Amino acid sequence: MDSTSNTSLYARILKGGAAVFVLLGLGLVVWLADQWLKHPEMQASQFGNTAPYWPAVIAFVVLSVAAGVTLLWRAARRLETGENLFEERHRKSLKDLNDDRG
């Protein structure tokens, strides 16, 4: 197996993970909406203030899933363009540290 097919495989795995993440998030949102219909009276309270509970939880789940899917999808696209995601770009290697010392 050459590196091109490995990269393609890894990109497909990342995209598959994003798809699974979407399905799990969608299932959780459907379940939360069902709970909202069963228990519309639930309120969240903090410091004496109350607010509807379910819309906030659903919004949190949707935003979290969107962030996770975006992260996985961007990583897959970067792999497809040939970028090495594990390249040490932000840290000096041990060789660079020895060179700095003289």
# chains A, B, ... in the order shown; residues from 1 in each chain; ligands from 1

call {"tool": "select_by_dssp", "arguments": {"residues": "segment 8-69 of chain A", "states": "helix (DSSP H, G or I)", "output": "PyMOL selection string"}}
result
chain A and resi 8-38+54-69

call {"tool": "write_last_selection", "arguments": {"atoms": "N, CA and C atoms", "output": "compact mmCIF listing (two decimals), in the first residue's frame"}}
result
# COMPACT_ATOMS: atom_id res chain seq x y z
N SER A 8 -5.66 8.43 1.50
CA SER A 8 -7.06 8.33 1.10
C SER A 8 -7.86 7.52 2.12
N LEU A 9 -7.26 6.45 2.60
CA LEU A 9 -7.93 5.62 3.61
C LEU A 9 -8.16 6.41 4.89
N TYR A 10 -7.13 7.13 5.34
CA TYR A 10 -7.26 7.90 6.57
C TYR A 10 -8.29 9.02 6.42
N ALA A 11 -8.32 9.64 5.26
CA ALA A 11 -9.31 10.70 5.02
C ALA A 11 -10.72 10.11 5.05
N ARG A 12 -10.90 8.92 4.45
CA ARG A 12 -12.22 8.27 4.47
C ARG A 12 -12.60 7.89 5.90
N ILE A 13 -11.65 7.45 6.70
CA ILE A 13 -11.94 7.11 8.10
C ILE A 13 -12.38 8.36 8.86
N LEU A 14 -11.70 9.47 8.64
CA LEU A 14 -12.09 10.72 9.31
C LEU A 14 -13.48 11.16 8.87
N LYS A 15 -13.77 11.07 7.58
CA LYS A 15 -15.10 11.45 7.10
C LYS A 15 -16.17 10.50 7.61
N GLY A 16 -15.83 9.22 7.72
CA GLY A 16 -16.76 8.26 8.31
C GLY A 16 -17.03 8.57 9.77
N GLY A 17 -15.98 8.97 10.48
CA GLY A 17 -16.16 9.38 11.88
C GLY A 17 -17.05 10.59 12.00
N ALA A 18 -16.91 11.52 11.06
CA ALA A 18 -17.77 12.70 11.06
C ALA A 18 -19.22 12.30 10.81
N ALA A 19 -19.43 11.36 9.91
CA ALA A 19 -20.80 10.90 9.62
C ALA A 19 -21.41 10.20 10.83
N VAL A 20 -20.62 9.38 11.50
CA VAL A 20 -21.12 8.71 12.72
C VAL A 20 -21.44 9.74 13.78
N PHE A 21 -20.60 10.75 13.90
CA PHE A 21 -20.83 11.82 14.88
C PHE A 21 -22.14 12.54 14.59
N VAL A 22 -22.42 12.79 13.31
CA VAL A 22 -23.68 13.43 12.93
C VAL A 22 -24.87 12.55 13.30
N LEU A 23 -24.76 11.26 13.02
CA LEU A 23 -25.86 10.35 13.34
C LEU A 23 -26.11 10.28 14.85
N LEU A 24 -25.04 10.20 15.63
CA LEU A 24 -25.20 10.18 17.09
C LEU A 24 -25.81 11.49 17.59
N GLY A 25 -25.33 12.59 17.06
CA GLY A 25 -25.87 13.89 17.46
C GLY A 25 -27.32 14.04 17.08
N LEU A 26 -27.68 13.58 15.89
CA LEU A 26 -29.07 13.65 15.45
C LEU A 26 -29.97 12.79 16.35
N GLY A 27 -29.49 11.60 16.69
CA GLY A 27 -30.26 10.75 17.60
C GLY A 27 -30.45 11.40 18.96
N LEU A 28 -29.41 12.04 19.46
CA LEU A 28 -29.52 12.71 20.76
C LEU A 28 -30.47 13.90 20.69
N VAL A 29 -30.43 14.65 19.60
CA VAL A 29 -31.34 15.79 19.45
C VAL A 29 -32.79 15.30 19.37
N VAL A 30 -33.03 14.22 18.64
CA VAL A 30 -34.39 13.67 18.55
C VAL A 30 -34.87 13.22 19.93
N TRP A 31 -33.99 12.55 20.69
CA TRP A 31 -34.36 12.11 22.03
C TRP A 31 -34.64 13.31 22.94
N LEU A 32 -33.80 14.34 22.86
CA LEU A 32 -34.02 15.54 23.68
C LEU A 32 -35.33 16.23 23.31
N ALA A 33 -35.64 16.28 22.03
CA ALA A 33 -36.91 16.89 21.60
C ALA A 33 -38.09 16.10 22.14
N ASP A 34 -37.96 14.78 22.14
CA ASP A 34 -39.01 13.93 22.71
C ASP A 34 -39.18 14.20 24.20
N GLN A 35 -38.06 14.34 24.90
CA GLN A 35 -38.14 14.65 26.33
C GLN A 35 -38.76 16.02 26.57
N TRP A 36 -38.48 16.96 25.68
CA TRP A 36 -39.06 18.30 25.79
C TRP A 36 -40.59 18.22 25.67
N LEU A 37 -41.06 17.37 24.74
CA LEU A 37 -42.50 17.21 24.57
C LEU A 37 -43.14 16.53 25.79
N LYS A 38 -42.41 15.59 26.40
CA LYS A 38 -42.93 14.89 27.57
C LYS A 38 -42.88 15.74 28.83
N TRP A 54 -34.82 22.72 27.93
CA TRP A 54 -34.59 21.91 26.74
C TRP A 54 -33.98 22.65 25.57
N PRO A 55 -34.41 23.87 25.24
CA PRO A 55 -33.79 24.56 24.09
C PRO A 55 -32.29 24.78 24.28
N ALA A 56 -31.88 25.07 25.51
CA ALA A 56 -30.46 25.30 25.76
C ALA A 56 -29.66 24.01 25.60
N VAL A 57 -30.20 22.90 26.07
CA VAL A 57 -29.50 21.62 25.94
C VAL A 57 -29.41 21.21 24.47
N ILE A 58 -30.50 21.38 23.74
CA ILE A 58 -30.50 21.03 22.32
C ILE A 58 -29.51 21.91 21.55
N ALA A 59 -29.49 23.20 21.86
CA ALA A 59 -28.54 24.10 21.19
C ALA A 59 -27.10 23.71 21.50
N PHE A 60 -26.83 23.33 22.75
CA PHE A 60 -25.49 22.90 23.13
C PHE A 60 -25.07 21.65 22.35
N VAL A 61 -25.97 20.69 22.23
CA VAL A 61 -25.66 19.46 21.50
C VAL A 61 -25.41 19.76 20.03
N VAL A 62 -26.25 20.58 19.43
CA VAL A 62 -26.09 20.92 18.00
C VAL A 62 -24.75 21.63 17.77
N LEU A 63 -24.41 22.59 18.61
CA LEU A 63 -23.15 23.31 18.44
C LEU A 63 -21.95 22.41 18.67
N SER A 64 -22.04 21.52 19.65
CA SER A 64 -20.94 20.59 19.91
C SER A 64 -20.73 19.61 18.76
N VAL A 65 -21.81 19.10 18.23
CA VAL A 65 -21.71 18.18 17.09
C VAL A 65 -21.14 18.92 15.87
N ALA A 66 -21.60 20.13 15.66
CA ALA A 66 -21.09 20.92 14.53
C ALA A 66 -19.58 21.16 14.67
N ALA A 67 -19.13 21.46 15.87
CA ALA A 67 -17.70 21.67 16.10
C ALA A 67 -16.90 20.38 15.85
N GLY A 68 -17.40 19.27 16.34
CA GLY A 68 -16.71 17.99 16.15
C GLY A 68 -16.65 17.58 14.69
N VAL A 69 -17.75 17.74 13.98
CA VAL A 69 -17.80 17.38 12.56
C VAL A 69 -16.88 18.30 11.76

call {"tool": "residues_around", "arguments": {"residues": "Gly82 of chain A", "least_positions_apart": "4", "cutoff": "12 Å", "atoms": "only C-alpha atoms", "output": "list in words"}}
result
Ser3, Thr4, Ser5, Asn6, Thr7, Ser8, Tyr10, Ala11, Ala75, Ala76, Arg77, Arg78, Phe86 and Glu87 of chain A

call {"tool": "select_by_dssp", "arguments": {"residues": "chain A", "states": "strand (DSSP E or B)", "output": "list of chain:residue names"}}
result
A:Gln43, A:Ala44, A:Ser45, A:Gln46, A:Asn49, A:Thr50, A:Ala51, A:Pro52

call {"tool": "write_last_selection", "arguments": {"atoms": "N, CA and C atoms", "output": "PDB file, in the first residue's frame"}}
result
ATOM      1  N   GLN A  43     -37.448  23.568  33.990  1.00  0.00           N
ATOM      2  CA  GLN A  43     -36.799  24.870  33.925  1.00  0.00           C
ATOM      3  C   GLN A  43     -35.394  24.752  34.518  1.00  0.00           C
ATOM      4  N   ALA A  44     -34.481  25.475  33.976  1.00  0.00           N
ATOM      5  CA  ALA A  44     -33.150  25.583  34.559  1.00  0.00           C
ATOM      6  C   ALA A  44     -33.127  26.845  35.407  1.00  0.00           C
ATOM      7  N   SER A  45     -32.505  26.758  36.569  1.00  0.00           N
ATOM      8  CA  SER A  45     -32.454  27.945  37.421  1.00  0.00           C
ATOM      9  C   SER A  45     -31.040  28.162  37.935  1.00  0.00           C
ATOM     10  N   GLN A  46     -30.686  29.434  37.993  1.00  0.00           N
ATOM     11  CA  GLN A  46     -29.391  29.809  38.526  1.00  0.00           C
ATOM     12  C   GLN A  46     -29.499  31.222  39.064  1.00  0.00           C
ATOM     13  N   ASN A  49     -32.839  33.029  38.822  1.00  0.00           N
ATOM     14  CA  ASN A  49     -33.427  33.214  37.491  1.00  0.00           C
ATOM     15  C   ASN A  49     -33.761  31.849  36.898  1.00  0.00           C
ATOM     16  N   THR A  50     -34.854  31.803  36.164  1.00  0.00           N
ATOM     17  CA  THR A  50     -35.220  30.552  35.501  1.00  0.00           C
ATOM     18  C   THR A  50     -35.279  30.763  33.998  1.00  0.00           C
ATOM     19  N   ALA A  51     -35.034  29.681  33.284  1.00  0.00           N
ATOM     20  CA  ALA A  51     -35.075  29.715  31.822  1.00  0.00           C
ATOM     21  C   ALA A  51     -35.493  28.336  31.336  1.00  0.00           C
ATOM     22  N   PRO A  52     -36.036  28.245  30.138  1.00  0.00           N
ATOM     23  CA  PRO A  52     -36.382  26.929  29.596  1.00  0.00           C
ATOM     24  C   PRO A  52     -35.133  26.053  29.493  1.00  0.00           C
TER      25      PRO A  52
END
